[in-house]
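Student: After the structure tokens below, expect a handful of questions from me.
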Amino acid sequence: MTKTIMLACAGGMSTSLLVTKMIAAAKAEKIDVNIFATASSAISLEADAHHPSVILLGSQIQFLLDNIIKEVDVPVEVINMKDYGTMNGKNVLHQAMNLIN
């Protein structure tokens, strides 16, 4: 079954770049996964619409972590700050997959 990873940041822009790098890493490792990005203001709506397997947050919205955990029934974690800053798609993909498995 294909897993879905949702990334969220303040506006959805920086995580969109990270999504591209994560998709490339997933293809290289033959991991069947859907990955998308959204803005923090749309997390609940997007979670209801796409039923993600995991939600990862950009560090700039880590203050929302506790509220989001209460709103959704999937693992939620803040993206490792170093991996986020360097846009390390492979490491962030592995972070997400470790939360799913």
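Letters A, B, ... go to the chains of the structure tokens in the order shown; residues in each chain start at 1; ligands are counted from 1 in the same order.
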So which residues touch segment 96-101 of chain A within 9 Å, counting only C-alpha atoms, skipping near sequence neighbours fewer than 5 positions away, as a list of chain:residue names?
Tutor: A:Lys3, A:Ile5, A:Ser53, A:Val54, A:Ile55, A:Leu56, A:Val74, A:Pro75, A:Val76, A:Glu77, A:Ile79, A:Asn91
Student: Limited to all heavy atoms, could you put the picked residues into a file as a PDB file, in the first residue's frame?
Tutor:
ATOM      1  N   LYS A   3       2.236   4.745   0.807  1.00  0.00           N
ATOM      2  CA  LYS A   3       2.187   5.650   1.950  1.00  0.00           C
ATOM      3  C   LYS A   3       2.183   7.094   1.451  1.00  0.00           C
ATOM      4  O   LYS A   3       2.689   7.388   0.370  1.00  0.00           O
ATOM      5  CB  LYS A   3       3.394   5.436   2.873  1.00  0.00           C
ATOM      6  CG  LYS A   3       3.545   4.008   3.360  1.00  0.00           C
ATOM      7  CD  LYS A   3       2.391   3.598   4.236  1.00  0.00           C
ATOM      8  CE  LYS A   3       2.601   2.191   4.772  1.00  0.00           C
ATOM      9  NZ  LYS A   3       1.480   1.676   5.488  1.00  0.00           N
ATOM     10  N   ILE A   5       3.148  11.058   2.564  1.00  0.00           N
ATOM     11  CA  ILE A   5       3.887  11.926   3.476  1.00  0.00           C
ATOM     12  C   ILE A   5       3.465  13.364   3.203  1.00  0.00           C
ATOM     13  O   ILE A   5       3.544  13.831   2.067  1.00  0.00           O
ATOM     14  CB  ILE A   5       5.408  11.787   3.272  1.00  0.00           C
ATOM     15  CG1 ILE A   5       5.845  10.342   3.504  1.00  0.00           C
ATOM     16  CG2 ILE A   5       6.159  12.761   4.173  1.00  0.00           C
ATOM     17  CD1 ILE A   5       7.277  10.055   3.059  1.00  0.00           C
ATOM     18  N   SER A  53      -0.002   9.326   5.888  1.00  0.00           N
ATOM     19  CA  SER A  53       0.507   8.315   6.821  1.00  0.00           C
ATOM     20  C   SER A  53       1.343   8.969   7.909  1.00  0.00           C
ATOM     21  O   SER A  53       1.506   8.417   8.996  1.00  0.00           O
ATOM     22  CB  SER A  53       1.371   7.299   6.064  1.00  0.00           C
ATOM     23  OG  SER A  53       0.688   6.794   4.949  1.00  0.00           O
ATOM     24  N   VAL A  54       1.900  10.138   7.604  1.00  0.00           N
ATOM     25  CA  VAL A  54       2.753  10.884   8.532  1.00  0.00           C
ATOM     26  C   VAL A  54       2.748  12.355   8.101  1.00  0.00           C
ATOM     27  O   VAL A  54       2.568  12.662   6.926  1.00  0.00           O
ATOM     28  CB  VAL A  54       4.198  10.310   8.535  1.00  0.00           C
ATOM     29  CG1 VAL A  54       4.857  10.456   7.183  1.00  0.00           C
ATOM     30  CG2 VAL A  54       5.050  10.931   9.618  1.00  0.00           C
ATOM     31  N   ILE A  55       2.944  13.238   9.083  1.00  0.00           N
ATOM     32  CA  ILE A  55       3.049  14.671   8.811  1.00  0.00           C
ATOM     33  C   ILE A  55       4.363  15.162   9.403  1.00  0.00           C
ATOM     34  O   ILE A  55       4.654  14.923  10.576  1.00  0.00           O
ATOM     35  CB  ILE A  55       1.874  15.459   9.428  1.00  0.00           C
ATOM     36  CG1 ILE A  55       0.539  14.983   8.833  1.00  0.00           C
ATOM     37  CG2 ILE A  55       2.062  16.966   9.209  1.00  0.00           C
ATOM     38  CD1 ILE A  55      -0.690  15.556   9.520  1.00  0.00           C
ATOM     39  N   LEU A  56       5.154  15.837   8.569  1.00  0.00           N
ATOM     40  CA  LEU A  56       6.410  16.436   9.021  1.00  0.00           C
ATOM     41  C   LEU A  56       6.307  17.946   8.915  1.00  0.00           C
ATOM     42  O   LEU A  56       5.826  18.473   7.908  1.00  0.00           O
ATOM     43  CB  LEU A  56       7.587  15.934   8.183  1.00  0.00           C
ATOM     44  CG  LEU A  56       7.899  14.438   8.271  1.00  0.00           C
ATOM     45  CD1 LEU A  56       9.071  14.094   7.359  1.00  0.00           C
ATOM     46  CD2 LEU A  56       8.205  14.032   9.708  1.00  0.00           C
ATOM     47  N   VAL A  74      -2.263  10.534  13.075  1.00  0.00           N
ATOM     48  CA  VAL A  74      -1.072   9.970  12.432  1.00  0.00           C
ATOM     49  C   VAL A  74       0.156  10.544  13.133  1.00  0.00           C
ATOM     50  O   VAL A  74       0.055  11.570  13.814  1.00  0.00           O
ATOM     51  CB  VAL A  74      -1.012  10.291  10.911  1.00  0.00           C
ATOM     52  CG1 VAL A  74      -2.182   9.668  10.166  1.00  0.00           C
ATOM     53  CG2 VAL A  74      -0.945  11.786  10.669  1.00  0.00           C
ATOM     54  N   PRO A  75       1.309   9.916  12.978  1.00  0.00           N
ATOM     55  CA  PRO A  75       2.520  10.475  13.584  1.00  0.00           C
ATOM     56  C   PRO A  75       2.836  11.865  13.019  1.00  0.00           C
ATOM     57  O   PRO A  75       2.679  12.112  11.825  1.00  0.00           O
ATOM     58  CB  PRO A  75       3.614   9.477  13.192  1.00  0.00           C
ATOM     59  CG  PRO A  75       2.901   8.224  12.829  1.00  0.00           C
ATOM     60  CD  PRO A  75       1.560   8.643  12.305  1.00  0.00           C
ATOM     61  N   VAL A  76       3.244  12.758  13.903  1.00  0.00           N
ATOM     62  CA  VAL A  76       3.634  14.116  13.513  1.00  0.00           C
ATOM     63  C   VAL A  76       4.967  14.412  14.186  1.00  0.00           C
ATOM     64  O   VAL A  76       5.143  14.142  15.369  1.00  0.00           O
ATOM     65  CB  VAL A  76       2.602  15.169  13.979  1.00  0.00           C
ATOM     66  CG1 VAL A  76       3.011  16.565  13.509  1.00  0.00           C
ATOM     67  CG2 VAL A  76       1.201  14.824  13.506  1.00  0.00           C
ATOM     68  N   GLU A  77       5.893  14.964  13.414  1.00  0.00           N
ATOM     69  CA  GLU A  77       7.216  15.280  13.961  1.00  0.00           C
ATOM     70  C   GLU A  77       7.775  16.485  13.222  1.00  0.00           C
ATOM     71  O   GLU A  77       7.408  16.762  12.081  1.00  0.00           O
ATOM     72  CB  GLU A  77       8.141  14.068  13.765  1.00  0.00           C
ATOM     73  CG  GLU A  77       9.398  14.103  14.581  1.00  0.00           C
ATOM     74  CD  GLU A  77      10.138  12.771  14.524  1.00  0.00           C
ATOM     75  OE1 GLU A  77       9.861  11.918  15.391  1.00  0.00           O
ATOM     76  OE2 GLU A  77      10.991  12.586  13.627  1.00  0.00           O
ATOM     77  N   ILE A  79      10.741  18.251  11.242  1.00  0.00           N
ATOM     78  CA  ILE A  79      11.854  17.814  10.394  1.00  0.00           C
ATOM     79  C   ILE A  79      13.169  18.206  11.063  1.00  0.00           C
ATOM     80  O   ILE A  79      13.303  19.317  11.580  1.00  0.00           O
ATOM     81  CB  ILE A  79      11.759  18.464   8.995  1.00  0.00           C
ATOM     82  CG1 ILE A  79      10.465  18.044   8.294  1.00  0.00           C
ATOM     83  CG2 ILE A  79      12.976  18.111   8.136  1.00  0.00           C
ATOM     84  CD1 ILE A  79      10.136  18.851   7.044  1.00  0.00           C
ATOM     85  N   ASN A  91      17.448  12.055   3.766  1.00  0.00           N
ATOM     86  CA  ASN A  91      17.326  11.925   5.218  1.00  0.00           C
ATOM     87  C   ASN A  91      15.908  12.200   5.698  1.00  0.00           C
ATOM     88  O   ASN A  91      15.410  11.528   6.608  1.00  0.00           O
ATOM     89  CB  ASN A  91      18.311  12.855   5.927  1.00  0.00           C
ATOM     90  CG  ASN A  91      19.729  12.341   5.882  1.00  0.00           C
ATOM     91  OD1 ASN A  91      20.003  11.254   5.375  1.00  0.00           O
ATOM     92  ND2 ASN A  91      20.659  13.126   6.395  1.00  0.00           N
TER      93      ASN A  91
END
Student: Can you tell me, as a list in words, what residues are no more than 12 Å from Lys90 of chain A when counting only C-alpha atoms, ignoring any on the same chain fewer than 3 positions away?
Tutor: Leu18, Val19, Thr20, Lys21, Met22, Ile23, Ala24, Ala25, Ala26, Lys27, Ala28, Glu29, Ile31, Asn80, Asp83, Tyr84, Thr86, Met87, Leu93, His94, Gln95, Ala96 and Met97 of chain A
Student: Could you jot down the atom CA of Gly89 of chain A to atom CA of Thr15 of chain A separation for me, Å, one decimal place?
Tutor: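 So the answer is 10.2 Å.
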Student: Quick one: residues within 10 Å of segment 42-52 of chain A, only C-alpha atoms counted, chain neighbours fewer than 4 positions away excluded, as a PyMOL selection string?
Tutor: chain A and resi 3-12+34-38+57+68+71-75
Student: Enumerate the residues of chain A with a DSSP assignment of strand (DSSP E), computed from the backbone, and present them as an mmCIF file with N, CA, C and O atoms, in the first residue's frame.
Tutor:
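And here's part_11.cif as it stands now:
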data_model
loop_
_atom_site.group_PDB
_atom_site.id
_atom_site.type_symbol
_atom_site.label_atom_id
_atom_site.label_comp_id
_atom_site.auth_asym_id
_atom_site.auth_seq_id
_atom_site.Cartn_x
_atom_site.Cartn_y
_atom_site.Cartn_z
ATOM 1 N N LYS A 3 2.236 4.745 0.807
ATOM 2 C CA LYS A 3 2.187 5.650 1.950
ATOM 3 C C LYS A 3 2.183 7.094 1.451
ATOM 4 O O LYS A 3 2.689 7.388 0.370
ATOM 5 N N THR A 4 1.595 7.983 2.250
ATOM 6 C CA THR A 4 1.546 9.397 1.898
ATOM 7 C C THR A 4 2.222 10.206 2.988
ATOM 8 O O THR A 4 1.908 10.062 4.161
ATOM 9 N N ILE A 5 3.148 11.058 2.564
ATOM 10 C CA ILE A 5 3.887 11.926 3.476
ATOM 11 C C ILE A 5 3.465 13.364 3.203
ATOM 12 O O ILE A 5 3.544 13.831 2.067
ATOM 13 N N MET A 6 3.023 14.049 4.243
ATOM 14 C CA MET A 6 2.648 15.453 4.120
ATOM 15 C C MET A 6 3.693 16.293 4.846
ATOM 16 O O MET A 6 4.011 16.018 6.003
ATOM 17 N N LEU A 7 4.227 17.280 4.153
ATOM 18 C CA LEU A 7 5.140 18.252 4.755
ATOM 19 C C LEU A 7 4.396 19.567 4.897
ATOM 20 O O LEU A 7 3.578 19.914 4.045
ATOM 21 N N ALA A 8 4.685 20.290 5.959
ATOM 22 C CA ALA A 8 4.041 21.586 6.145
ATOM 23 C C ALA A 8 5.055 22.596 6.657
ATOM 24 O O ALA A 8 5.924 22.276 7.458
ATOM 25 N N CYS A 9 4.933 23.811 6.156
ATOM 26 C CA CYS A 9 5.743 24.925 6.649
ATOM 27 C C CYS A 9 4.847 26.158 6.644
ATOM 28 O O CYS A 9 3.651 26.063 6.364
ATOM 29 N N VAL A 33 5.807 5.944 -2.614
ATOM 30 C CA VAL A 33 5.271 6.903 -1.648
ATOM 31 C C VAL A 33 4.758 8.139 -2.378
ATOM 32 O O VAL A 33 5.282 8.508 -3.420
ATOM 33 N N ASN A 34 3.698 8.728 -1.846
ATOM 34 C CA ASN A 34 3.215 10.017 -2.325
ATOM 35 C C ASN A 34 3.682 11.067 -1.326
ATOM 36 O O ASN A 34 3.561 10.863 -0.120
ATOM 37 N N ILE A 35 4.188 12.179 -1.826
ATOM 38 C CA ILE A 35 4.692 13.238 -0.958
ATOM 39 C C ILE A 35 4.152 14.568 -1.461
ATOM 40 O O ILE A 35 4.196 14.842 -2.651
ATOM 41 N N PHE A 36 3.625 15.382 -0.532
ATOM 42 C CA PHE A 36 3.153 16.702 -0.930
ATOM 43 C C PHE A 36 3.401 17.695 0.201
ATOM 44 O O PHE A 36 3.638 17.313 1.344
ATOM 45 N N ALA A 37 3.344 18.969 -0.149
ATOM 46 C CA ALA A 37 3.583 20.045 0.815
ATOM 47 C C ALA A 37 2.350 20.926 0.919
ATOM 48 O O ALA A 37 1.576 21.059 -0.036
ATOM 49 N N THR A 38 2.206 21.533 2.087
ATOM 50 C CA THR A 38 1.098 22.456 2.299
ATOM 51 C C THR A 38 1.524 23.547 3.272
ATOM 52 O O THR A 38 2.552 23.437 3.931
ATOM 53 N N ALA A 39 0.711 24.575 3.348
ATOM 54 C CA ALA A 39 0.945 25.661 4.307
ATOM 55 C C ALA A 39 0.378 25.262 5.668
ATOM 56 O O ALA A 39 -0.566 24.474 5.756
ATOM 57 N N VAL A 54 1.900 10.138 7.604
ATOM 58 C CA VAL A 54 2.753 10.884 8.532
ATOM 59 C C VAL A 54 2.748 12.355 8.101
ATOM 60 O O VAL A 54 2.568 12.662 6.926
ATOM 61 N N ILE A 55 2.944 13.238 9.083
ATOM 62 C CA ILE A 55 3.049 14.671 8.811
ATOM 63 C C ILE A 55 4.363 15.162 9.403
ATOM 64 O O ILE A 55 4.654 14.923 10.576
ATOM 65 N N LEU A 56 5.154 15.837 8.569
ATOM 66 C CA LEU A 56 6.410 16.436 9.021
ATOM 67 C C LEU A 56 6.307 17.946 8.915
ATOM 68 O O LEU A 56 5.826 18.473 7.908
ATOM 69 N N LEU A 57 6.775 18.629 9.961
ATOM 70 C CA LEU A 57 6.681 20.083 10.029
ATOM 71 C C LEU A 57 8.034 20.742 9.850
ATOM 72 O O LEU A 57 9.036 20.264 10.404
ATOM 73 N N VAL A 76 3.244 12.758 13.903
ATOM 74 C CA VAL A 76 3.634 14.116 13.513
ATOM 75 C C VAL A 76 4.967 14.412 14.186
ATOM 76 O O VAL A 76 5.143 14.142 15.369
ATOM 77 N N GLU A 77 5.893 14.964 13.414
ATOM 78 C CA GLU A 77 7.216 15.280 13.961
ATOM 79 C C GLU A 77 7.775 16.485 13.222
ATOM 80 O O GLU A 77 7.408 16.762 12.081
ATOM 81 N N VAL A 78 8.682 17.202 13.874
ATOM 82 C CA VAL A 78 9.379 18.317 13.245
ATOM 83 C C VAL A 78 10.550 17.748 12.452
ATOM 84 O O VAL A 78 11.263 16.854 12.921
#
Student: Enumerate the residues of chain A with a DSSP assignment of alpha helix (DSSP H), computed from the backbone, and present them as a count of residues only.
Tutor: 48
Student: Between A:Met1, A:Ser14, A:Asn88, A:Lys30, which residue has the minimum interatomic distance to Gln60 of chain A, considering only C-alpha atoms?
Tutor: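 Between A:Met1, A:Ser14, A:Asn88, A:Lys30, the residue approaching Gln60 of chain A most closely is A:Ser14.
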Student: For atom CA of Ser40 of chain A and atom CA of Gly85 of chain A, determine how far apart the two atoms are, in Å to one decimal place.
Tutor: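 Separating atom CA of Ser40 of chain A from atom CA of Gly85 of chain A is a distance of 18.0 Å.
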